[in-house]
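J.: My structure is stored as final27.pdb, with PDB, C-alpha atoms and all ligand atoms.
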```
ATOM      1  CA  MET A 124      -4.973  35.826  24.884
ATOM      2  CA  THR A 125      -4.375  38.857  22.657
ATOM      3  CA  LYS A 126      -4.947  38.618  18.929
ATOM      4  CA  THR A 127      -1.192  38.828  18.267
ATOM      5  CA  ALA A 128      -0.460  36.007  20.749
ATOM      6  CA  GLU A 129      -3.229  33.906  19.203
ATOM      7  CA  LYS A 130      -1.735  34.467  15.764
ATOM      8  CA  ALA A 131       1.736  33.473  17.023
ATOM      9  CA  VAL A 132       0.348  30.214  18.493
ATOM     10  CA  GLU A 133      -1.551  29.539  15.282
ATOM     11  CA  GLU A 134       1.577  30.128  13.204
ATOM     12  CA  LYS A 135       3.652  27.856  15.443
ATOM     13  CA  LEU A 136       1.035  25.103  15.223
ATOM     14  CA  MET A 137       0.969  25.389  11.452
ATOM     15  CA  LYS A 138       4.743  25.366  11.304
ATOM     16  CA  ASP A 139       5.153  22.435  13.640
ATOM     17  CA  HIS A 140       2.310  20.284  12.409
ATOM     18  CA  PRO A 141       3.821  16.819  11.882
ATOM     19  CA  LEU A 142       1.852  16.152   8.695
ATOM     20  CA  GLU A 143       2.794  19.433   7.063
ATOM     21  CA  PRO A 144       5.746  18.012   5.072
ATOM     22  CA  TYR A 145       3.259  15.727   3.316
ATOM     23  CA  LEU A 146       0.620  18.359   2.555
ATOM     24  CA  ARG A 147       0.431  21.073  -0.071
ATOM     25  CA  MET A 148      -0.096  23.788   2.501
ATOM     26  CA  ASP A 149      -0.697  26.415  -0.183
ATOM     27  CA  ARG A 150      -4.002  24.629  -0.892
ATOM     28  CA  ILE A 151      -5.190  24.689   2.730
ATOM     29  CA  PRO A 152      -7.923  25.340   3.850
ATOM     30  CA  HIS A 153      -9.435  22.347   2.121
ATOM     31  CA  ILE A 154     -12.894  22.243   0.544
ATOM     32  CA  TRP A 155     -14.465  19.599   2.820
ATOM     33  CA  CYS A 156     -17.446  20.419   5.036
ATOM     34  CA  PRO A 157     -17.057  20.478   8.825
ATOM     35  CA  THR A 158     -17.215  16.922  10.289
ATOM     36  CA  CYS A 159     -16.883  15.280   6.868
ATOM     37  CA  GLY A 160     -14.929  12.022   7.282
ATOM     38  CA  ILE A 161     -12.540  12.474   4.355
ATOM     39  CA  GLY A 162      -9.917  14.553   6.225
ATOM     40  CA  THR A 163      -9.488  11.781   8.791
ATOM     41  CA  VAL A 164      -8.603   9.362   6.005
ATOM     42  CA  VAL A 165      -5.940  11.802   4.773
ATOM     43  CA  SER A 166      -4.367  12.066   8.252
ATOM     44  CA  CYS A 167      -4.374   8.293   8.754
ATOM     45  CA  PHE A 168      -2.891   7.716   5.317
ATOM     46  CA  ILE A 169      -0.034  10.180   5.873
ATOM     47  CA  GLN A 170       0.592   8.636   9.281
ATOM     48  CA  ALA A 171       0.900   5.222   7.615
ATOM     49  CA  VAL A 172       3.292   6.613   4.990
ATOM     50  CA  ILE A 173       5.470   7.936   7.840
ATOM     51  CA  GLU A 174       5.276   4.725   9.888
ATOM     52  CA  THR A 175       6.145   2.476   6.934
ATOM     53  CA  ALA A 176       8.908   4.847   5.774
ATOM     54  CA  THR A 177       7.396   4.586   2.308
ATOM     55  CA  ASP A 178       9.630   6.220  -0.301
ATOM     56  CA  VAL A 179       7.551   9.246  -1.261
ATOM     57  CA  ASP A 180       9.507   9.576  -4.508
ATOM     58  CA  LYS A 181       8.022   6.260  -5.612
ATOM     59  CA  LEU A 182       4.532   6.852  -4.239
ATOM     60  CA  CYS A 183       1.747   7.905  -6.644
ATOM     61  CA  ILE A 184      -1.756   8.789  -5.486
ATOM     62  CA  VAL A 185      -4.594   8.614  -7.986
ATOM     63  CA  SER A 186      -8.240   9.656  -7.782
ATOM     64  CA  GLY A 187     -11.197  10.302 -10.067
ATOM     65  CA  ILE A 188     -13.707  13.077  -9.390
ATOM     66  CA  GLY A 189     -15.732  13.749  -6.244
ATOM     67  CA  CYS A 190     -15.261  15.148  -2.743
ATOM     68  CA  THR A 191     -12.979  12.235  -1.825
ATOM     69  CA  ALA A 192     -11.195  12.527  -5.124
ATOM     70  CA  ARG A 193      -9.858  15.893  -4.022
ATOM     71  CA  VAL A 194      -7.490  14.074  -1.631
ATOM     72  CA  PRO A 195      -4.495  13.777  -4.013
ATOM     73  CA  GLY A 196      -4.638  17.531  -4.602
ATOM     74  CA  TYR A 197      -3.690  18.113  -0.956
ATOM     75  CA  LEU A 198      -0.935  15.490  -0.758
ATOM     76  CA  LYS A 199       2.599  16.695  -1.417
ATOM     77  CA  MET A 200       3.645  13.724  -3.557
ATOM     78  CA  ASP A 201       3.057  12.651  -7.145
ATOM     79  CA  SER A 202      -0.704  12.804  -7.365
ATOM     80  CA  TYR A 203      -3.198  12.548 -10.181
ATOM     81  CA  HIS A 204      -6.757  13.872 -10.121
ATOM     82  CA  THR A 205      -8.137  12.110 -13.198
ATOM     83  CA  THR A 206     -11.602  11.814 -14.747
ATOM     84  CA  HIS A 207     -14.686  10.438 -13.001
ATOM     85  CA  GLY A 208     -14.622   6.639 -12.798
ATOM     86  CA  ARG A 209     -11.188   6.277 -14.357
ATOM     87  CA  SER A 210      -8.938   6.315 -11.309
ATOM     88  CA  ILE A 211      -8.210   2.576 -11.461
ATOM     89  CA  ALA A 212      -7.757   2.650 -15.240
ATOM     90  CA  PHE A 213      -5.202   5.440 -14.791
ATOM     91  CA  ALA A 214      -3.538   3.620 -11.887
ATOM     92  CA  THR A 215      -3.302   0.466 -14.021
ATOM     93  CA  GLY A 216      -1.393   2.396 -16.687
ATOM     94  CA  LEU A 217       0.962   3.898 -14.109
ATOM     95  CA  LYS A 218       1.740   0.538 -12.513
ATOM     96  CA  LEU A 219       2.292  -1.234 -15.815
ATOM     97  CA  ALA A 220       4.441   1.575 -17.197
ATOM     98  CA  ASN A 221       6.640   1.560 -14.099
ATOM     99  CA  PRO A 222       6.150  -1.483 -11.824
ATOM    100  CA  GLU A 223       8.510   0.011  -9.233
ATOM    101  CA  LEU A 224       5.966   2.674  -8.339
ATOM    102  CA  GLU A 225       3.742   2.266  -5.282
ATOM    103  CA  VAL A 226       0.343   3.189  -6.706
ATOM    104  CA  VAL A 227      -2.487   4.082  -4.339
ATOM    105  CA  VAL A 228      -6.001   5.012  -5.427
ATOM    106  CA  ILE A 229      -8.021   7.116  -2.976
ATOM    107  CA  SER A 230     -11.515   7.878  -4.224
ATOM    108  CA  GLY A 231     -15.230   7.772  -3.496
ATOM    109  CA  ASP A 232     -17.792   4.985  -3.660
ATOM    110  CA  GLY A 233     -19.433   6.511  -6.736
ATOM    111  CA  ASP A 234     -16.160   6.961  -8.548
ATOM    112  CA  LEU A 235     -14.849   3.464  -7.797
ATOM    113  CA  ILE A 236     -17.964   1.342  -7.709
ATOM    114  CA  ALA A 237     -20.598   3.067  -9.882
ATOM    115  CA  ILE A 238     -19.048   4.537 -13.038
ATOM    116  CA  GLY A 239     -15.689   2.935 -12.215
ATOM    117  CA  GLY A 240     -17.046  -0.455 -11.148
ATOM    118  CA  ASN A 241     -15.804  -2.277 -14.218
ATOM    119  CA  HIS A 242     -12.211  -1.154 -13.683
ATOM    120  CA  PHE A 243     -12.477  -2.132 -10.030
ATOM    121  CA  ILE A 244     -13.558  -5.717 -10.654
ATOM    122  CA  HIS A 245     -10.969  -6.325 -13.350
ATOM    123  CA  ALA A 246      -8.067  -4.871 -11.369
ATOM    124  CA  ALA A 247      -9.041  -7.184  -8.502
ATOM    125  CA  ARG A 248      -9.470 -10.163 -10.856
ATOM    126  CA  ARG A 249      -5.985  -9.602 -12.293
ATOM    127  CA  ASN A 250      -4.508  -9.042  -8.835
ATOM    128  CA  LEU A 251      -2.924  -5.857 -10.055
ATOM    129  CA  ASP A 252      -0.479  -4.675  -7.397
ATOM    130  CA  ILE A 253      -2.254  -1.442  -6.445
ATOM    131  CA  LYS A 254      -3.885  -0.273  -3.220
ATOM    132  CA  VAL A 255      -7.438   1.065  -3.307
ATOM    133  CA  ILE A 256      -8.886   3.143  -0.477
ATOM    134  CA  CYS A 257     -12.585   3.810  -0.957
ATOM    135  CA  VAL A 258     -14.310   6.444   1.154
ATOM    136  CA  ASN A 259     -17.868   5.172   1.328
ATOM    137  CA  ASN A 260     -20.251   7.921   2.382
ATOM    138  CA  PHE A 261     -23.250   6.078   0.861
ATOM    139  CA  ILE A 262     -23.876   8.854  -1.649
ATOM    140  CA  TYR A 263     -22.524  11.016  -4.490
ATOM    141  CA  GLY A 264     -21.351  13.827  -2.251
ATOM    142  CA  MET A 265     -19.882  16.328  -4.662
ATOM    143  CA  THR A 266     -22.810  16.477  -7.061
ATOM    144  CA  GLY A 267     -25.666  16.932  -4.600
ATOM    145  CA  GLY A 268     -26.316  13.669  -2.792
ATOM    146  CA  GLN A 269     -27.613  11.345  -5.516
ATOM    147  CA  VAL A 270     -28.215   7.656  -4.813
ATOM    148  CA  ALA A 271     -25.121   5.444  -5.218
ATOM    149  CA  PRO A 272     -24.638   1.658  -5.534
ATOM    150  CA  THR A 273     -23.657   1.778  -1.864
ATOM    151  CA  THR A 274     -26.721   3.616  -0.549
ATOM    152  CA  PRO A 275     -28.441   1.475   2.093
ATOM    153  CA  LEU A 276     -31.988   0.316   1.360
ATOM    154  CA  THR A 277     -34.635   2.923   2.324
ATOM    155  CA  ALA A 278     -32.121   5.773   2.755
ATOM    156  CA  ASN A 279     -33.229   9.103   1.389
ATOM    157  CA  CYS A 280     -31.147  10.730  -1.360
ATOM    158  CA  SER A 281     -31.774  13.645  -3.695
ATOM    159  CA  THR A 282     -32.742  11.175  -6.457
ATOM    160  CA  THR A 283     -34.647   8.823  -4.134
ATOM    161  CA  PRO A 284     -36.788  11.279  -2.151
ATOM    162  CA  TYR A 285     -39.093   8.430  -1.054
ATOM    163  CA  GLY A 286     -36.205   6.170  -0.050
ATOM    164  CA  ASN A 287     -33.816   3.862  -1.928
ATOM    165  CA  SER A 288     -35.320   0.583  -3.113
ATOM    166  CA  GLU A 289     -32.164  -0.827  -4.788
ATOM    167  CA  THR A 290     -29.959  -3.439  -3.110
ATOM    168  CA  PRO A 291     -26.505  -1.939  -2.441
ATOM    169  CA  PHE A 292     -23.175  -3.625  -3.025
ATOM    170  CA  SER A 293     -21.274  -4.926  -0.055
ATOM    171  CA  LEU A 294     -17.833  -3.622  -1.009
ATOM    172  CA  PRO A 295     -15.703  -6.151   0.914
ATOM    173  CA  TYR A 296     -17.730  -8.998  -0.617
ATOM    174  CA  LEU A 297     -17.356  -7.497  -4.093
ATOM    175  CA  ALA A 298     -13.585  -7.027  -3.713
ATOM    176  CA  ALA A 299     -13.030 -10.463  -2.183
ATOM    177  CA  SER A 300     -15.115 -12.324  -4.744
ATOM    178  CA  CYS A 301     -13.172 -10.655  -7.565
ATOM    179  CA  GLY A 302      -9.852 -11.830  -6.108
ATOM    180  CA  ALA A 303      -8.503  -9.055  -3.846
ATOM    181  CA  THR A 304      -5.612 -10.206  -1.650
ATOM    182  CA  TYR A 305      -6.349  -7.797   1.205
ATOM    183  CA  VAL A 306      -9.816  -6.604   2.214
ATOM    184  CA  ALA A 307     -10.712  -4.509   5.242
ATOM    185  CA  ARG A 308     -13.452  -2.153   6.367
ATOM    186  CA  TRP A 309     -13.199   0.534   9.023
ATOM    187  CA  THR A 310     -15.118   3.679   9.795
ATOM    188  CA  SER A 311     -13.553   7.124  10.027
ATOM    189  CA  LEU A 312     -13.892   6.795  13.785
ATOM    190  CA  HIS A 313     -11.404   3.885  13.850
ATOM    191  CA  ILE A 314      -8.341   6.057  13.500
ATOM    192  CA  ARG A 315      -5.707   3.670  14.839
ATOM    193  CA  ARG A 316      -7.144   0.588  13.169
ATOM    194  CA  MET A 317      -7.534   2.401   9.854
ATOM    195  CA  THR A 318      -3.924   3.610  10.099
ATOM    196  CA  ARG A 319      -2.811   0.042  10.791
ATOM    197  CA  ALA A 320      -4.756  -1.157   7.734
ATOM    198  CA  PHE A 321      -3.037   1.497   5.588
ATOM    199  CA  ASN A 322       0.294   0.358   7.044
ATOM    200  CA  GLU A 323      -0.522  -3.188   5.994
ATOM    201  CA  VAL A 324      -1.595  -2.331   2.464
ATOM    202  CA  LEU A 325       1.502  -0.194   1.924
ATOM    203  CA  ARG A 326       3.559  -3.314   2.676
ATOM    204  CA  LYS A 327       1.329  -5.708   0.746
ATOM    205  CA  ARG A 328       1.814  -7.006  -2.781
ATOM    206  CA  GLY A 329      -1.374  -7.454  -4.779
ATOM    207  CA  PHE A 330      -4.770  -5.806  -5.095
ATOM    208  CA  SER A 331      -5.488  -4.443  -1.631
ATOM    209  CA  PHE A 332      -8.748  -2.795  -0.683
ATOM    210  CA  VAL A 333      -9.772  -0.766   2.345
ATOM    211  CA  GLU A 334     -13.321   0.574   2.631
ATOM    212  CA  VAL A 335     -13.712   3.486   5.022
ATOM    213  CA  ILE A 336     -17.272   4.296   6.063
ATOM    214  CA  ALA A 337     -17.264   8.068   6.508
ATOM    215  CA  PRO A 338     -19.960  10.613   7.213
ATOM    216  CA  CYS A 339     -21.247  12.968   4.546
ATOM    217  CA  SER A 340     -22.574  15.408   7.070
ATOM    218  CA  THR A 341     -23.961  17.916   4.612
ATOM    219  CA  LEU A 342     -26.013  15.673   2.372
ATOM    220  CA  TYR A 343     -26.498  12.143   3.687
ATOM    221  CA  ALA A 344     -26.828  13.007   7.379
ATOM    222  CA  ARG A 345     -28.982  16.071   6.859
ATOM    223  CA  ARG A 346     -31.324  14.564   4.281
ATOM    224  CA  ASN A 347     -31.861  11.482   6.451
ATOM    225  CA  LYS A 348     -32.292  13.591   9.581
ATOM    226  CA  LEU A 349     -29.401  11.803  11.278
ATOM    227  CA  GLY A 350     -27.939  14.901  12.891
ATOM    228  CA  THR A 351     -24.456  16.153  12.132
ATOM    229  CA  GLY A 352     -21.308  14.339  11.062
ATOM    230  CA  LEU A 353     -20.515  14.100  14.751
ATOM    231  CA  SER A 354     -23.809  12.260  15.343
ATOM    232  CA  LEU A 355     -22.781   9.761  12.660
ATOM    233  CA  LEU A 356     -19.415   9.229  14.347
ATOM    234  CA  LYS A 357     -21.266   8.551  17.605
ATOM    235  CA  TYR A 358     -23.460   6.150  15.678
ATOM    236  CA  TYR A 359     -20.373   4.316  14.326
ATOM    237  CA  HIS A 360     -18.987   4.189  17.838
ATOM    238  CA  ASP A 361     -22.106   2.554  19.211
ATOM    239  CA  ASN A 362     -22.884   0.311  16.243
ATOM    240  CA  SER A 363     -19.602  -0.995  14.818
ATOM    241  CA  GLU A 364     -18.759  -4.595  15.585
ATOM    242  CA  ILE A 365     -15.184  -5.752  15.059
ATOM    243  CA  ALA A 366     -15.353  -9.043  13.195
ATOM    244  CA  HIS A 367     -11.905  -9.937  11.825
ATOM    245  CA  GLY A 368     -11.998 -12.797   9.356
ATOM    246  CA  HIS A 369     -15.792 -12.707   9.160
ATOM    247  CA  ASP A 370     -17.496 -14.376   6.174
ATOM    248  CA  VAL A 371     -17.461 -11.730   3.427
ATOM    249  CA  LYS A 372     -20.944 -12.810   2.331
ATOM    250  CA  ASP A 373     -22.305 -11.454   5.582
ATOM    251  CA  LEU A 374     -21.086  -7.855   5.557
ATOM    252  CA  ASP A 375     -24.129  -6.044   4.162
ATOM    253  CA  ILE A 376     -24.849  -2.615   5.591
ATOM    254  CA  GLY A 377     -28.519  -1.946   6.334
ATOM    255  CA  TYR A 378     -29.922   1.504   6.950
ATOM    256  CA  GLN A 379     -28.919   2.494  10.495
ATOM    257  CA  GLU A 380     -28.088  -1.100  11.342
ATOM    258  CA  LYS A 381     -24.954  -2.567  12.931
ATOM    259  CA  ILE A 382     -21.805  -2.292  10.791
ATOM    260  CA  LYS A 383     -19.285  -5.126  10.804
ATOM    261  CA  VAL A 384     -15.724  -3.846  10.521
ATOM    262  CA  GLY A 385     -12.316  -5.512  10.514
ATOM    263  CA  LYS A 386      -9.842  -7.267   8.281
ATOM    264  CA  PHE A 387     -11.566  -9.973   6.284
ATOM    265  CA  ILE A 388      -8.955 -11.155   3.752
ATOM    266  CA  ASP A 389      -5.150 -11.112   3.898
ATOM    267  CA  GLU A 390      -3.489 -13.601   1.589
ATOM    268  CA  ASP A 391      -0.573 -13.808  -0.810
ATOM    269  CA  LYS A 392      -0.747 -14.839  -4.428
ATOM    270  CA  PRO A 393       1.098 -13.920  -7.632
ATOM    271  CA  THR A 394       0.325 -10.470  -8.962
ATOM    272  CA  HIS A 395      -0.715  -9.632 -12.502
ATOM    273  CA  ILE A 396       2.875  -8.812 -13.430
ATOM    274  CA  ASP A 397       4.282 -11.959 -11.723
ATOM    275  CA  ARG A 398       1.961 -14.152 -13.748
ATOM    276  CA  ALA A 399       2.684 -12.355 -17.003
ATOM    277  CA  ASN A 400       6.425 -12.747 -16.403
ATOM    278  CA  VAL A 401       6.275 -16.430 -15.555
ATOM    279  CA  TRP A 402       3.987 -17.229 -18.457
ATOM    280  CA  HIS A 403       5.895 -15.265 -21.066
ATOM    281  CA  THR A 404       9.205 -16.696 -19.878
ATOM    282  CA  LYS A 405       7.691 -20.141 -20.436
ATOM    283  CA  VAL A 406       6.448 -19.210 -23.900
ATOM    284  CA  PHE A 407       9.420 -17.181 -25.144
ATOM    285  CA  GLY A 408      12.303 -18.582 -23.093
ATOM    286  CA  ASP A 409      15.487 -16.509 -23.256
ATOM    287  CA  ARG A 410      13.943 -14.150 -25.794
ATOM    288  CA  TYR A 411      11.705 -12.735 -23.052
ATOM    289  CA  ASN A 412      12.819  -9.658 -21.114
ATOM    290  CA  TRP A 413      11.643  -9.842 -17.508
ATOM    291  CA  TYR A 414       9.146  -7.066 -16.843
ATOM    292  CA  GLY A 415       9.851  -4.988 -13.743
ATOM    293  CA  PRO A 416      11.656  -6.113 -10.585
ATOM    294  CA  LYS A 417      11.593  -9.789  -9.681
ATOM    295  CA  PRO A 418       9.508 -10.455  -6.555
ATOM    296  CA  PRO A 419      11.099 -12.010  -3.446
ATOM    297  CA  GLY A 420      11.829 -15.695  -4.003
ATOM    298  CA  MET A 421      11.510 -15.467  -7.777
ATOM    299  CA  GLU A 422      14.914 -13.981  -8.558
ATOM    300  CA  GLU A 423      16.081 -17.281 -10.056
ATOM    301  CA  ALA A 424      12.857 -18.007 -11.924
ATOM    302  CA  LYS A 425      14.185 -16.974 -15.325
TER     303      LYS A 425
HETATM  304  C1  LIG A 501     -18.192  11.198 -16.721
HETATM  305  C2  LIG A 501     -18.763  11.965 -15.562
HETATM  306  N1  LIG A 501     -19.978  11.643 -15.094
HETATM  307  C3  LIG A 501     -20.504  12.299 -14.041
HETATM  308  C4  LIG A 501     -19.778  13.293 -13.440
HETATM  309  C5  LIG A 501     -20.359  14.031 -12.272
HETATM  310  N2  LIG A 501     -19.830  13.582 -11.009
HETATM  311  C6  LIG A 501     -18.746  14.162 -10.449
HETATM  312  S1  LIG A 501     -18.350  13.510  -8.952
HETATM  313  C7  LIG A 501     -19.670  12.431  -9.057
HETATM  314  C8  LIG A 501     -19.977  11.453  -7.960
HETATM  315  C9  LIG A 501     -19.093  11.543  -6.781
HETATM  316  O1  LIG A 501     -19.446  10.573  -5.850
HETATM  317  P1  LIG A 501     -18.361   9.750  -5.093
HETATM  318  O2  LIG A 501     -17.394   9.149  -6.032
HETATM  319  O3  LIG A 501     -19.036   8.829  -4.153
HETATM  320  O4  LIG A 501     -17.522  10.862  -4.311
HETATM  321  P2  LIG A 501     -17.927  11.734  -3.039
HETATM  322  O5  LIG A 501     -18.176  13.099  -3.595
HETATM  323  O6  LIG A 501     -19.137  11.139  -2.406
HETATM  324  O7  LIG A 501     -16.716  11.647  -2.185
HETATM  325  C10 LIG A 501     -20.376  12.583 -10.243
HETATM  326  C11 LIG A 501     -21.562  11.791 -10.608
HETATM  327  C12 LIG A 501     -18.491  13.607 -13.945
HETATM  328  N3  LIG A 501     -17.708  14.538 -13.390
HETATM  329  N4  LIG A 501     -18.021  12.929 -15.013
HETATM  330  S1  LIG A 502     -20.617  17.180   0.629
HETATM  331 FE1  LIG A 502     -20.445  15.433   2.024
HETATM  332  S2  LIG A 502     -18.715  14.223   1.238
HETATM  333 FE2  LIG A 502     -18.583  16.276   0.304
HETATM  334  S3  LIG A 502     -17.192  17.426   1.655
HETATM  335 FE3  LIG A 502     -19.300  17.834   2.330
HETATM  336  S4  LIG A 502     -19.664  16.306   3.942
HETATM  337 FE4  LIG A 502     -17.875  15.617   2.787
HETATM  338 MG    MG A 503     -19.527   9.037  -2.138
END
```
In structure tokens, write the structure found in this file.
T.:
Amino acid sequence: MTKTAEKAVEEKLMKDHPLEPYLRMDRIPHIWCPTCGIGTVVSCFIQAVIETATDVDKLCIVSGIGCTARVPGYLKMDSYHTTHGRSIAFATGLKLANPELEVVVISGDGDLIAIGGNHFIHAARRNLDIKVICVNNFIYGMTGGQVAPTTPLTANCSTTPYGNSETPFSLPYLAASCGATYVARWTSLHIRRMTRAFNEVLRKRGFSFVEVIAPCSTLYARRNKLGTGLSLLKYYHDNSEIAHGHDVKDLDIGYQEKIKVGKFIDEDKPTHIDRANVWHTKVFGDRYNWYGPKPPGMEEAK
């Protein structure tokens, strides 16, 4: 093929790409390394937005800082790239200021669970109606591969050159024990299942959490001599076990051990705003102004 023909094909592909309406194409190419898992999460998320016919005018995407936290910058919708560890705090403000918004946090394990861990547990405890997608690459990717609260025992990081000796969090267990209404874990290899999970959380009311295990090819894979990002995907293929409904206490991830994936929690309970409305109506009676839209079945509650 001549160079001109190649360019024409390239241009047509770019023009016809089905996700293009949802991407800020002026920012492409993105910053992520080859075979990094974050881009897959973006594609699956957009696919879920399309499949659920989510109103993009009401959709807000929030992140903190990190490689994963760059996601909102590429999405052509209201998106907020906030400060490190404060994505859920920011999302809480958005949701409470305008309960009609669909607020989705997409950020990294460091951002959400290390510096941002306190916001995470309290948003889950309150059952705040937001969706949290955590890309867990077992490391602080953007800042040079430091150890994270998700790093498996013995794994090598730039700050643990002799191996990690700290017990990591199991994110589904953490989310579930704090009160999350939806908890799932997939790897970036599970494209259709991850997309289905995003479909479900976009339709769910309440604190919904999806952990996506994704390769950091440049830092985690290389430092641990695990090959490329592609080698990690092969590893996920061979070592993921689908275990829907499995006991959340038994979802730890050991270094290069089997990874249990699936949907572990899917339940319905009143959200933070539902409870506040019911309680304040009880306390203040007719003097209370209902906050936000009434949920299905509660229209007559006041
Ligand atoms: C208050 C503050 N502390 C530390 C940093 C430096 N910092 C930026 S991103 C990051 C960690 C990113 O790790 P993670 O959230 O897992 O995202 P990843 O890059 O792995 O996707 C850190 C420590 C910062 N920007 N602000
Ligand atoms: S450093 Fe790691 S997490 Fe960041 S873009 Fe590269 S592969 Fe992805
Ligand atoms: Mg990370």
J.: Would you give me, as a tab-separated table, each residue of chain A having an atom within 6 Å of an atom of ligand LIG 502 (chain A), along with its shortest atom pair and that distance in Å to one decimal, using all atoms listed in the file and sorting by chain and residue number?
T.:
```
residue	atom	partner	partner_atom	distance
A:Trp155	CA	A:LIG502	S3	3.7
A:Cys156	CA	A:LIG502	FE3	4.2
A:Cys159	CA	A:LIG502	S4	4.2
A:Cys190	CA	A:LIG502	FE2	4.6
A:Gly264	CA	A:LIG502	S2	4.4
A:Met265	CA	A:LIG502	FE2	5.1
A:Cys339	CA	A:LIG502	FE1	3.6
A:Ser340	CA	A:LIG502	S4	4.4
A:Thr341	CA	A:LIG502	S4	4.6
A:Leu342	CA	A:LIG502	FE1	5.6
```
J.: Counting all atoms listed in the file, which residue out of A:Ile173, A:Val335, A:Ile256, A:Ile238 sits closest to ligand LIG 501 (chain A)?
T.: A:Ile238
J.: Which residues are near ligand MG 503 (chain A) - at most 10 Å, using all atoms listed in the file? Format: as a PyMOL selection string.
T.: chain A and resi 189-192+230-237+257-266+268-274+336-339+343
J.: Between A:Ile253, A:Val185, A:Ile396, A:Leu353, which one has atoms that come closest to Lys327 in chain A, using all atoms listed in the file?
T.: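 Of A:Ile253, A:Val185, A:Ile396, A:Leu353, the one nearest Lys327 in chain A, counting all atoms listed in the file, is A:Ile253.
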J.: Would you mind telling me which residue in A:Ile161, A:Ile365, A:Met124, A:Val227 lies nearest to ligand LIG 501 (chain A) when using all atoms listed in the file?
T.: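 Using all atoms listed in the file, the shortest distance to ligand LIG 501 (chain A) belongs to A:Ile161.
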J.: Please, what distance in Å, to one decimal, runs between CA of Ala307 in chain A and CA of Arg319 in chain A?
T.: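 According to the coordinates, CA of Ala307 in chain A and CA of Arg319 in chain A are separated by 10.7 Å.
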J.: Counting all atoms listed in the file, which residue out of A:Val179, A:Ile188, A:Thr125, A:Val172 sits closest to ligand LIG 501 (chain A)?
T.: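 Residue with the minimum atom-to-atom distance to ligand LIG 501 (chain A): A:Ile188.
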J.: Rebuild N, CA and C atoms on range 172-183 of chain A, as a PDB file, in the frame of the given file?
T.:
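rebuild09.pdb, freshly written:
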```pdb
ATOM      1  N   VAL A 172       2.126   6.393   5.865  1.00  0.00           N
ATOM      2  CA  VAL A 172       3.292   6.613   4.990  1.00  0.00           C
ATOM      3  C   VAL A 172       4.529   6.858   5.856  1.00  0.00           C
ATOM      4  N   ILE A 173       4.347   7.642   6.935  1.00  0.00           N
ATOM      5  CA  ILE A 173       5.470   7.936   7.840  1.00  0.00           C
ATOM      6  C   ILE A 173       5.906   6.648   8.550  1.00  0.00           C
ATOM      7  N   GLU A 174       4.938   5.915   9.098  1.00  0.00           N
ATOM      8  CA  GLU A 174       5.276   4.725   9.888  1.00  0.00           C
ATOM      9  C   GLU A 174       5.950   3.636   9.048  1.00  0.00           C
ATOM     10  N   THR A 175       5.563   3.529   7.782  1.00  0.00           N
ATOM     11  CA  THR A 175       6.145   2.476   6.934  1.00  0.00           C
ATOM     12  C   THR A 175       7.408   2.966   6.226  1.00  0.00           C
ATOM     13  N   ALA A 176       7.750   4.229   6.456  1.00  0.00           N
ATOM     14  CA  ALA A 176       8.908   4.847   5.774  1.00  0.00           C
ATOM     15  C   ALA A 176       8.817   4.629   4.269  1.00  0.00           C
ATOM     16  N   THR A 177       7.595   4.754   3.746  1.00  0.00           N
ATOM     17  CA  THR A 177       7.396   4.586   2.308  1.00  0.00           C
ATOM     18  C   THR A 177       8.165   5.674   1.558  1.00  0.00           C
ATOM     19  N   ASP A 178       8.859   5.261   0.495  1.00  0.00           N
ATOM     20  CA  ASP A 178       9.630   6.220  -0.301  1.00  0.00           C
ATOM     21  C   ASP A 178       8.656   7.100  -1.090  1.00  0.00           C
ATOM     22  N   VAL A 179       8.535   8.349  -0.658  1.00  0.00           N
ATOM     23  CA  VAL A 179       7.551   9.246  -1.261  1.00  0.00           C
ATOM     24  C   VAL A 179       7.870   9.504  -2.733  1.00  0.00           C
ATOM     25  N   ASP A 180       9.140   9.356  -3.099  1.00  0.00           N
ATOM     26  CA  ASP A 180       9.507   9.576  -4.508  1.00  0.00           C
ATOM     27  C   ASP A 180       8.960   8.475  -5.417  1.00  0.00           C
ATOM     28  N   LYS A 181       8.571   7.349  -4.783  1.00  0.00           N
ATOM     29  CA  LYS A 181       8.022   6.260  -5.612  1.00  0.00           C
ATOM     30  C   LYS A 181       6.518   6.101  -5.406  1.00  0.00           C
ATOM     31  N   LEU A 182       5.953   6.976  -4.578  1.00  0.00           N
ATOM     32  CA  LEU A 182       4.532   6.852  -4.239  1.00  0.00           C
ATOM     33  C   LEU A 182       3.693   7.719  -5.183  1.00  0.00           C
ATOM     34  N   CYS A 183       2.644   7.137  -5.768  1.00  0.00           N
ATOM     35  CA  CYS A 183       1.747   7.905  -6.644  1.00  0.00           C
ATOM     36  C   CYS A 183       0.319   7.745  -6.137  1.00  0.00           C
TER      37      CYS A 183
END
```
